[in-house]
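Novice: What follows is the file work38.cif, containing mmCIF, C-alpha atoms, pLDDT in the B column; chains and numbers go by the auth columns:
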```cif
data_query
loop_
_atom_site.group_PDB
_atom_site.id
_atom_site.type_symbol
_atom_site.label_atom_id
_atom_site.label_comp_id
_atom_site.label_asym_id
_atom_site.label_seq_id
_atom_site.Cartn_x
_atom_site.Cartn_y
_atom_site.Cartn_z
_atom_site.B_iso_or_equiv
_atom_site.auth_seq_id
_atom_site.auth_asym_id
ATOM 1 C CA PHE A 1 12.573 -2.073 0.386 56.00 255 A
ATOM 2 C CA PRO A 2 11.963 -0.274 3.686 62.00 256 A
ATOM 3 C CA GLU A 3 13.349 -2.168 6.680 68.00 257 A
ATOM 4 C CA GLU A 4 9.895 -2.981 8.100 65.00 258 A
ATOM 5 C CA TYR A 5 9.049 -5.072 5.015 62.00 259 A
ATOM 6 C CA LEU A 6 11.854 -7.473 5.853 65.00 260 A
ATOM 7 C CA THR A 7 10.118 -8.389 9.118 69.00 261 A
ATOM 8 C CA TYR A 8 6.606 -8.994 7.753 63.00 262 A
ATOM 9 C CA GLU A 9 6.859 -10.040 4.118 62.00 263 A
ATOM 10 C CA SER A 10 7.839 -13.432 2.758 63.00 264 A
ATOM 11 C CA GLY A 11 10.856 -13.855 0.513 66.00 265 A
ATOM 12 C CA ARG A 12 8.619 -14.350 -2.523 70.00 266 A
ATOM 13 C CA ALA A 13 6.801 -11.052 -1.939 67.00 267 A
ATOM 14 C CA LEU A 14 10.122 -9.235 -1.605 68.00 268 A
ATOM 15 C CA GLU A 15 11.223 -10.575 -4.993 77.00 269 A
ATOM 16 C CA ASP A 16 8.232 -8.814 -6.587 77.00 270 A
ATOM 17 C CA PRO A 17 8.569 -5.034 -7.119 75.00 271 A
ATOM 18 C CA ALA A 18 4.840 -4.818 -6.310 76.00 272 A
ATOM 19 C CA LEU A 19 5.317 -6.707 -3.001 71.00 273 A
ATOM 20 C CA GLY A 20 3.263 -9.703 -4.067 75.00 274 A
ATOM 21 C CA TRP A 21 0.495 -7.768 -5.836 79.00 275 A
ATOM 22 C CA SER A 22 1.678 -8.330 -9.431 81.00 276 A
ATOM 23 C CA ALA A 23 -0.523 -11.391 -9.861 82.00 277 A
ATOM 24 C CA PHE A 24 -3.609 -9.349 -8.947 84.00 278 A
ATOM 25 C CA VAL A 25 -2.993 -6.021 -10.719 84.00 279 A
ATOM 26 C CA THR A 26 -3.098 -5.144 -14.377 83.00 280 A
ATOM 27 C CA GLY A 27 -1.483 -1.903 -15.450 80.00 281 A
ATOM 28 C CA SER A 28 0.474 0.167 -12.977 79.00 282 A
ATOM 29 C CA LEU A 29 0.653 -0.021 -9.216 77.00 283 A
ATOM 30 C CA ALA A 30 1.452 2.905 -6.924 79.00 284 A
ATOM 31 C CA VAL A 31 3.155 2.290 -3.588 80.00 285 A
ATOM 32 C CA GLU A 32 2.746 5.039 -1.007 84.00 286 A
ATOM 33 C CA MET A 33 4.325 5.418 2.401 86.00 287 A
ATOM 34 C CA LEU A 34 1.770 5.792 5.198 88.00 288 A
ATOM 35 C CA PRO A 35 2.192 6.504 8.892 89.00 289 A
ATOM 36 C CA GLY A 36 2.442 3.350 10.975 85.00 290 A
ATOM 37 C CA ASP A 37 3.373 -0.167 9.986 80.00 291 A
ATOM 38 C CA HIS A 38 1.433 -2.841 8.111 73.00 292 A
ATOM 39 C CA LEU A 39 -1.312 -3.054 10.758 77.00 293 A
ATOM 40 C CA GLY A 40 -0.676 0.227 12.594 85.00 294 A
ATOM 41 C CA MET A 41 -1.895 2.243 9.619 85.00 295 A
ATOM 42 C CA LEU A 42 -5.385 1.007 10.592 86.00 296 A
ATOM 43 C CA ASP A 43 -5.195 2.630 14.048 91.00 297 A
ATOM 44 C CA THR A 44 -7.967 5.143 14.687 93.00 298 A
ATOM 45 C CA ASP A 45 -5.642 8.155 14.598 94.00 299 A
ATOM 46 C CA ARG A 46 -3.978 7.055 11.330 93.00 300 A
ATOM 47 C CA LEU A 47 -7.037 5.773 9.483 93.00 301 A
ATOM 48 C CA PRO A 48 -8.025 9.193 8.065 94.00 302 A
ATOM 49 C CA VAL A 49 -4.721 9.339 6.173 94.00 303 A
ATOM 50 C CA LEU A 50 -5.322 5.912 4.626 92.00 304 A
ATOM 51 C CA ALA A 51 -8.918 6.831 3.758 94.00 305 A
ATOM 52 C CA GLU A 52 -7.834 10.095 2.105 95.00 306 A
ATOM 53 C CA ARG A 53 -5.163 8.364 0.009 94.00 307 A
ATOM 54 C CA LEU A 54 -7.559 5.622 -1.110 92.00 308 A
ATOM 55 C CA LEU A 55 -10.275 8.131 -1.971 95.00 309 A
ATOM 56 C CA ARG A 56 -7.827 10.266 -3.959 93.00 310 A
ATOM 57 C CA ARG A 57 -6.558 7.250 -5.919 89.00 311 A
ATOM 58 C CA LEU A 58 -10.056 5.924 -6.607 89.00 312 A
ATOM 59 C CA THR A 59 -11.276 9.354 -7.717 93.00 313 A
ATOM 60 C CA ARG A 60 -8.351 9.701 -10.139 89.00 314 A
ATOM 61 C CA SER A 61 -8.890 6.215 -11.466 85.00 315 A
ATOM 62 C CA LEU A 62 -12.615 6.756 -12.060 87.00 316 A
ATOM 63 C CA SER A 63 -11.971 10.119 -13.711 90.00 317 A
ATOM 64 C CA ALA A 64 -9.378 8.595 -16.038 84.00 318 A
ATOM 65 C CA SER A 65 -11.655 5.750 -17.051 77.00 319 A
ATOM 66 C CA GLY A 66 -14.122 8.277 -18.349 68.00 320 A
#
```
When written as structure tokens, how does the structure in this file appear?
Specialist:
Amino acid sequence: FPEEYLTYESGRALEDPALGWSAFVTGSLAVEMLPGDHLGMLDTDRLPVLAERLLRRLTRSLSASG
């Protein structure tokens, strides 16, 4: 895990390859590195990157589901 996860995540989340999301996700889960930290990625200057990544993933998912 990246070093910054060790500061913010609980031990239980770090034991999960999906960082605590396994209980909520069926199928596969993609983890992407974004600029900033856990909260900093929501800063005004970084938000467009997050929005673009989410839109790309959602578009792919909707296209695949037919």
Novice: Which polymer residues have any atom within 10 Å of an atom of Ala272 in chain A, counting only C-alpha atoms, with same-chain residues fewer than 5 positions away left out, as a tab-separated table (two decimals) with C-alpha atoms, in the coordinates of the input?
Specialist:
```
chain	number	residue	atom	x	y	z
A	267	ALA	CA	6.80	-11.05	-1.94
A	277	ALA	CA	-0.52	-11.39	-9.86
A	278	PHE	CA	-3.61	-9.35	-8.95
A	279	VAL	CA	-2.99	-6.02	-10.72
A	282	SER	CA	0.47	0.17	-12.98
A	283	LEU	CA	0.65	-0.02	-9.22
A	284	ALA	CA	1.45	2.90	-6.92
A	285	VAL	CA	3.16	2.29	-3.59
```
Novice: How far is it from CA of Pro302 in chain A to CA of Leu316 in chain A, in Å with one decimal?
Specialist: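 Between these atoms lies a distance of 20.8 Å.
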Novice: From the list A:Gly290, A:Glu269, A:Gly274, A:Ala318, which residue is nearest Val303 in chain A when using only C-alpha atoms?
Specialist: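 When distances to Val303 in chain A are compared using only C-alpha atoms, the smallest one comes from A:Gly290.
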Novice: Quick one, how far is CA of Leu304 in chain A from CA of Pro289 in chain A?
Specialist: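 Here the two named atoms are 8.7 Å from each other.
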Novice: Just how far from CA of Leu273 in chain A is CA of Ser319 in chain A, in Å to one decimal?
Specialist: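 Computing the Euclidean distance for CA of Ser319 in chain A and CA of Leu273 in chain A yields 25.3 Å.
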Novice: Restricting the calculation to all atoms listed in the file, which member of A:Asp270, A:Leu288, A:Gly281, A:Leu293 is positioned closest to Ala305 in chain A?
Specialist: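 Of A:Asp270, A:Leu288, A:Gly281, A:Leu293, the one nearest Ala305 in chain A, counting all atoms listed in the file, is A:Leu288.
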Novice: Would you mind writing range 282-297 of chain A with N, CA, C and O atoms, as a short mmCIF file (atom, residue, chain, number, x, y, z; two decimals), in the frame of the given file?
Specialist:
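As a result, part23.cif now contains:
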```
data_model
loop_
_atom_site.label_atom_id
_atom_site.label_comp_id
_atom_site.auth_asym_id
_atom_site.auth_seq_id
_atom_site.Cartn_x
_atom_site.Cartn_y
_atom_site.Cartn_z
N SER A 282 -0.52 -0.31 -13.93
CA SER A 282 0.47 0.17 -12.98
C SER A 282 -0.01 0.02 -11.54
O SER A 282 -1.20 -0.15 -11.28
N LEU A 283 0.93 0.09 -10.64
CA LEU A 283 0.65 -0.02 -9.22
C LEU A 283 1.44 1.07 -8.51
O LEU A 283 2.63 1.23 -8.76
N ALA A 284 0.78 1.85 -7.68
CA ALA A 284 1.45 2.90 -6.92
C ALA A 284 1.65 2.45 -5.49
O ALA A 284 0.73 1.93 -4.87
N VAL A 285 2.85 2.62 -4.98
CA VAL A 285 3.16 2.29 -3.59
C VAL A 285 3.36 3.61 -2.86
O VAL A 285 4.16 4.44 -3.29
N GLU A 286 2.64 3.81 -1.79
CA GLU A 286 2.75 5.04 -1.01
C GLU A 286 3.15 4.71 0.42
O GLU A 286 2.72 3.70 0.97
N MET A 287 3.95 5.56 1.00
CA MET A 287 4.32 5.42 2.40
C MET A 287 3.23 6.04 3.25
O MET A 287 2.76 7.14 2.97
N LEU A 288 2.80 5.33 4.28
CA LEU A 288 1.77 5.79 5.20
C LEU A 288 2.31 5.76 6.62
O LEU A 288 3.22 4.98 6.91
N PRO A 289 1.74 6.57 7.50
CA PRO A 289 2.19 6.50 8.89
C PRO A 289 1.82 5.16 9.51
O PRO A 289 0.76 4.60 9.21
N GLY A 290 2.69 4.63 10.33
CA GLY A 290 2.44 3.35 10.98
C GLY A 290 3.05 2.21 10.18
O GLY A 290 3.65 2.41 9.14
N ASP A 291 2.88 1.01 10.69
CA ASP A 291 3.37 -0.17 9.99
C ASP A 291 2.21 -0.86 9.29
O ASP A 291 1.13 -0.29 9.14
N HIS A 292 2.41 -2.10 8.90
CA HIS A 292 1.43 -2.84 8.11
C HIS A 292 0.04 -2.85 8.76
O HIS A 292 -0.97 -2.67 8.08
N LEU A 293 -0.03 -3.07 10.05
CA LEU A 293 -1.31 -3.05 10.76
C LEU A 293 -1.58 -1.73 11.46
O LEU A 293 -2.72 -1.31 11.59
N GLY A 294 -0.53 -1.04 11.87
CA GLY A 294 -0.68 0.23 12.59
C GLY A 294 -1.31 1.33 11.77
O GLY A 294 -1.89 2.27 12.32
N MET A 295 -1.26 1.22 10.45
CA MET A 295 -1.90 2.24 9.62
C MET A 295 -3.42 2.19 9.75
O MET A 295 -4.11 3.10 9.31
N LEU A 296 -3.94 1.12 10.37
CA LEU A 296 -5.38 1.01 10.59
C LEU A 296 -5.81 1.53 11.96
O LEU A 296 -6.99 1.49 12.29
N ASP A 297 -4.86 2.04 12.76
CA ASP A 297 -5.20 2.63 14.05
C ASP A 297 -6.11 3.83 13.84
O ASP A 297 -6.02 4.53 12.82
#
```
